[in-house]
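Written below as structure tokens is the structure these notes are about.
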Amino acid sequence: MALALRVQAAPGEAASYQWVDAQDPSAASPNALVTFTDHGLRAPLTAPASLVDGQRVTVRVTVSSAVDAVPAAGARVTLQARVAGTTTWQDTARATADAGGKVSFRVRPRRTVHYRTVTADAQWWRSHTSASTRVQNLPPGKPVVLPAAAPEPRSPKTQPRADKAGADAVVSRIPDEVWKAMKGRSWRRGCLARSKLRLVRVNHYGFDGYRYRGEVVVAASVARRTADVLTALHAAEMPIRSMVLVDRFGYSERLGGADNYASMAADNTSAFNCRDVVGRPGVRSPHATGRAIDINPLENPYLSRDGWLPHTYWVGRSHPRVAWRSSRHKVVRIMARHGFRWTYGVSDGHHFDG
């Protein structure tokens with residue numbers, strides 16, 4: 001007798017088996033019913049609890065059946081991320097599990113994020129979403145600790161996080177998009193020619209300990225020294241709250257140039273601005289020459305004819321990292337070593353001339 005095994009199956013649900021005489025199909029054994037139970041999957045992921053901003057870490061996943069832990073070889077796994085404080089999950093990467101059901105992802109989160117995995121439907125399992133794991137992003141530098149009563153900057157502007165190591169200072173001619181923003185704000189006809197200006201882009205530590213990509217426009221004659229002194233401040237981890245082009249604060253009728261009032265109130269470090277002296281209409285500011293730099297103006301106020309600007313809190317107060325009241329302060333000494341004078345001392349604490 002030649003026997004054959006007959007199978008009737010409903011995919012993923014059940015199957016019946018019986019032996020049949022190949023020469024006499026009417027001769028068959030009773031049906032044997034096998035019912036399939038979907039035990040589901042599990043795909044726990046492991047990742048470091050924290051990382052320093054800019055570093056890469058590995059997220060590891062092992063996909064297997066939920067009951068007997070059989071590896072789910074070939075499972076298609078999507079890694080999803082949700083930035084802390086938000087509700088939206090976004091796909092970050094996809095991979096296929098190996099023979100042991102293992103998958104790994106190399107990630108570089110620039111914020112504190114939650115990760116989870118989603119496994120796609122397949123012939124032998126249904127889709128599965130894992131529990132989430134939180135990875136905290138930590139600053140590479142030491143955050144500035146200020147007194148509780150210290151004023152906060154008004155209308156600060158966003159900056160991108162630094163991508164490269166070190167200060168990575170780059171000096172260039174003024175790009176078209178920067179020149180377009182400058183015209184009618186920090187530059188107008190009769191000011192220093194575009195060919196005599198340079199853009200300096202450099203990484204700096206912020207007050208929160210993170211590294212940011214900042215930029216200032218200066219005269220070509222001091223551009224290299226500006227890049228060098230900002231590199232030295234970065235190496236010493238002397239924080240700069242903000243360093244965006246002053247044109248982002250718009251035009252000021254009072255000053256006849258970019259709005260330095262708003263820039264100071266935002267605690268923004270800036271340089272070239274073809275404008276009048278604050279509080280002295282008609283008197284051209286040293287910033288019009290492109291050789292002056294203002295650093296952390298909120299913590300290092302200026303005594304104008306209209307009083308202390310942008311705030312009075314820091315008058316007479318100092319801070320070892322961000323507010324100087326003496327030529328012995330580390331920031332003032334670094335600036336001096338690179339040829340930038342603290343010209344007016346405490347009466348214009350944030351101003352340096354190159």
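Residues in the structure tokens are named by chain (A, B, ... in the order shown) and by number from 1 within that chain; ligands are numbered from 1 in the order shown.
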Quick one: everything within 12 Å of A:Ile295, counting only C-alpha atoms, minus sequence neighbours fewer than 4 positions away in the same chain. Send it as a PyMOL selection string.
chain A and resi 216+229-230+233+238-244+263-264+266-271+299-302+321-324+331-332+335+340+342+348-353
Neighbouring residues of A:His204 were defined as those with any atom within 6 Å, considering only C-alpha atoms; residues of the same chain fewer than 5 positions away were excluded. Please report them as a PyMOL selection string.
chain A and resi 211-212+234
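Counting from atom CA of A:Asp208, the distance to atom CA of A:Gln136 is 14.8 Å.
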Would you list the contacts of A:Pro143 as a VMD selection string, taking every protein, DNA or RNA residue within 8 Å and counting only C-alpha atoms, but skipping same-chain residues closer than 3 positions in sequence?
chain A and resid 139 206 to 210
Skipping near chain neighbours, those fewer than 3 positions away, what residues fall within 7 Å of A:Thr78 using only C-alpha atoms, listed as a tab-separated table (two decimals) with N, CA, C and O atoms, in the first residue's frame?
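File out_20.tsv, as written:
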```
chain	number	residue	atom	x	y	z
A	91	ASP	N	9.34	56.86	12.47
A	91	ASP	CA	10.24	55.79	12.06
A	91	ASP	C	11.66	56.33	11.96
A	91	ASP	O	11.90	57.39	11.36
A	93	ALA	N	14.64	53.81	11.72
A	93	ALA	CA	15.45	52.87	10.94
A	93	ALA	C	14.70	51.55	10.82
A	93	ALA	O	13.78	51.27	11.59
A	94	ARG	N	15.10	50.75	9.82
A	94	ARG	CA	14.50	49.42	9.61
A	94	ARG	C	15.62	48.41	9.42
A	94	ARG	O	16.67	48.72	8.87
A	95	ALA	N	15.35	47.18	9.86
A	95	ALA	CA	16.33	46.10	9.69
A	95	ALA	C	15.60	44.77	9.77
A	95	ALA	O	14.45	44.68	10.20
A	117	THR	N	10.10	49.39	19.25
A	117	THR	CA	10.17	48.67	17.98
A	117	THR	C	8.78	48.23	17.55
A	117	THR	O	7.91	47.94	18.39
A	118	VAL	N	8.59	48.18	16.24
A	118	VAL	CA	7.36	47.65	15.65
A	118	VAL	C	7.76	46.55	14.68
A	118	VAL	O	8.56	46.79	13.77
A	119	THR	N	7.23	45.34	14.91
A	119	THR	CA	7.53	44.20	14.05
A	119	THR	C	6.37	43.96	13.10
A	119	THR	O	5.21	43.93	13.52
```
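Interatomic distance, atom CA of A:Leu45 against atom CA of A:Thr58: 10.2 Å.
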Who sits within 12 Å of A:Trp179, only C-alpha atoms, same chain under 3 positions skipped, as a list in words:
Arg173, Ile174, Pro175, Asp176, Met182, Lys183, Gly184, Arg185, Ser186, Trp187, Arg188, Ala193, Arg194, Ser195, Leu197, Arg198, Leu199, Val217, Leu245 and Asp247 of chain A
DSSP on the backbone, alpha helix (DSSP H) only: what residues of stretch 41-260 of chain A does that give? Format it as number ranges by chain.
A: 176-182, 223-235, 260
Could you save the residues just selected, with C-alpha atoms, as a PDB file, in the first residue's frame?
```pdb
ATOM      1  CA  ASP A 176      24.657  85.700  -0.627  1.00  0.00           C
ATOM      2  CA  GLU A 177      21.967  84.615   1.833  1.00  0.00           C
ATOM      3  CA  VAL A 178      23.747  86.383   4.711  1.00  0.00           C
ATOM      4  CA  TRP A 179      24.296  89.517   2.642  1.00  0.00           C
ATOM      5  CA  LYS A 180      20.632  89.611   1.714  1.00  0.00           C
ATOM      6  CA  ALA A 181      19.687  89.539   5.417  1.00  0.00           C
ATOM      7  CA  MET A 182      22.258  92.213   6.305  1.00  0.00           C
ATOM      8  CA  ALA A 223      38.486  87.825  11.164  1.00  0.00           C
ATOM      9  CA  ARG A 224      41.320  85.398  11.880  1.00  0.00           C
ATOM     10  CA  ARG A 225      41.874  86.783  15.375  1.00  0.00           C
ATOM     11  CA  THR A 226      38.126  86.573  16.012  1.00  0.00           C
ATOM     12  CA  ALA A 227      38.135  82.913  15.009  1.00  0.00           C
ATOM     13  CA  ASP A 228      41.164  82.310  17.231  1.00  0.00           C
ATOM     14  CA  VAL A 229      39.742  84.014  20.324  1.00  0.00           C
ATOM     15  CA  LEU A 230      36.386  82.247  19.982  1.00  0.00           C
ATOM     16  CA  THR A 231      38.285  78.980  19.603  1.00  0.00           C
ATOM     17  CA  ALA A 232      40.143  79.785  22.816  1.00  0.00           C
ATOM     18  CA  LEU A 233      36.888  80.554  24.656  1.00  0.00           C
ATOM     19  CA  HIS A 234      35.516  77.201  23.462  1.00  0.00           C
ATOM     20  CA  ALA A 235      38.644  75.378  24.644  1.00  0.00           C
ATOM     21  CA  ASN A 260      20.915  96.107  19.147  1.00  0.00           C
TER      22      ASN A 260
END
```
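Nearest residue to A:Arg254 among A:Leu41, A:Ala220, A:Val277, A:Lys330 is A:Val277, counting only C-alpha atoms.
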Closest of A:Val283, A:Val170, A:Leu138, A:Val113 to A:Arg201 - atom-to-atom distances counting only C-alpha atoms:
A:Val170
For A:Gly85, work out the shell of residues within 12 Å, counting only C-alpha atoms and skipping chain neighbours fewer than 4 positions away, then give it as a PDB file with N, CA and C atoms, in the first residue's frame.
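Output saved as around25.pdb:
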```
ATOM      1  N   TRP A  89       5.287  59.404  17.357  1.00  0.00           N
ATOM      2  CA  TRP A  89       6.342  58.438  17.070  1.00  0.00           C
ATOM      3  C   TRP A  89       6.743  58.554  15.605  1.00  0.00           C
ATOM      4  N   ARG A 111      18.351  64.799  21.139  1.00  0.00           N
ATOM      5  CA  ARG A 111      17.462  65.181  22.229  1.00  0.00           C
ATOM      6  C   ARG A 111      17.227  63.946  23.097  1.00  0.00           C
ATOM      7  N   THR A 112      16.619  64.124  24.255  1.00  0.00           N
ATOM      8  CA  THR A 112      16.179  62.974  25.039  1.00  0.00           C
ATOM      9  C   THR A 112      15.002  62.341  24.310  1.00  0.00           C
ATOM     10  N   VAL A 113      15.092  61.028  24.052  1.00  0.00           N
ATOM     11  CA  VAL A 113      14.077  60.361  23.236  1.00  0.00           C
ATOM     12  C   VAL A 113      13.631  59.060  23.894  1.00  0.00           C
ATOM     13  N   HIS A 114      12.466  58.592  23.455  1.00  0.00           N
ATOM     14  CA  HIS A 114      11.967  57.262  23.795  1.00  0.00           C
ATOM     15  C   HIS A 114      12.032  56.428  22.524  1.00  0.00           C
ATOM     16  N   ARG A 134      13.651  54.873  27.418  1.00  0.00           N
ATOM     17  CA  ARG A 134      14.066  56.279  27.391  1.00  0.00           C
ATOM     18  C   ARG A 134      15.586  56.376  27.374  1.00  0.00           C
TER      19      ARG A 134
END
```
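Using only C-alpha atoms, the protein and nucleic acid residues lying no more than 10 Å from A:Ala69, apart from those fewer than 4 places from it along its own chain, are Leu41, Arg42, Thr62, Val63, Ser64, Ser65 and Gly101 of chain A.
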Take the residues just selected and output them with all heavy atoms as a short mmCIF file (atom, residue, chain, number, x, y, z; two decimals), in the first residue's frame.
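Saved file selection-v9.cif follows:
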```cif
data_model
loop_
_atom_site.label_atom_id
_atom_site.label_comp_id
_atom_site.auth_asym_id
_atom_site.auth_seq_id
_atom_site.Cartn_x
_atom_site.Cartn_y
_atom_site.Cartn_z
N LEU A 41 4.56 37.81 19.48
CA LEU A 41 6.00 38.03 19.54
C LEU A 41 6.36 38.86 20.75
O LEU A 41 5.51 39.52 21.36
CB LEU A 41 6.48 38.77 18.29
CG LEU A 41 6.45 38.02 16.96
CD1 LEU A 41 6.90 38.95 15.85
CD2 LEU A 41 7.33 36.78 17.00
N ARG A 42 7.61 38.83 21.05
CA ARG A 42 8.16 39.81 21.97
C ARG A 42 9.44 40.35 21.33
O ARG A 42 10.17 39.61 20.67
CB ARG A 42 8.43 39.22 23.33
CG ARG A 42 9.42 38.07 23.35
CD ARG A 42 9.60 37.54 24.76
NE ARG A 42 10.52 36.40 24.77
CZ ARG A 42 10.82 35.71 25.86
NH1 ARG A 42 10.23 36.02 27.01
NH2 ARG A 42 11.67 34.71 25.82
N THR A 62 15.97 41.78 20.42
CA THR A 62 15.88 40.34 20.19
C THR A 62 14.41 39.99 19.99
O THR A 62 13.60 40.19 20.89
CB THR A 62 16.44 39.54 21.37
OG1 THR A 62 17.81 39.88 21.56
CG2 THR A 62 16.34 38.04 21.09
N VAL A 63 14.08 39.47 18.80
CA VAL A 63 12.69 39.16 18.45
C VAL A 63 12.48 37.66 18.57
O VAL A 63 13.24 36.87 17.99
CB VAL A 63 12.35 39.63 17.02
CG1 VAL A 63 10.85 39.53 16.77
CG2 VAL A 63 12.84 41.06 16.79
N SER A 64 11.44 37.25 19.32
CA SER A 64 11.16 35.83 19.49
C SER A 64 9.69 35.64 19.79
O SER A 64 8.96 36.61 20.04
CB SER A 64 12.01 35.24 20.63
OG SER A 64 11.68 35.86 21.85
N SER A 65 9.24 34.36 19.75
CA SER A 65 7.85 34.09 20.10
C SER A 65 7.66 34.35 21.59
O SER A 65 8.56 34.14 22.40
CB SER A 65 7.49 32.63 19.78
OG SER A 65 8.21 31.75 20.61
N GLY A 101 17.25 35.98 15.65
CA GLY A 101 16.21 36.96 15.95
C GLY A 101 16.76 38.30 16.42
O GLY A 101 16.01 39.11 16.97
#
```
Of A:Val222, A:Leu309, A:Ala122, A:Ile293, the one sitting nearest A:Tyr261 when using only C-alpha atoms is A:Leu309
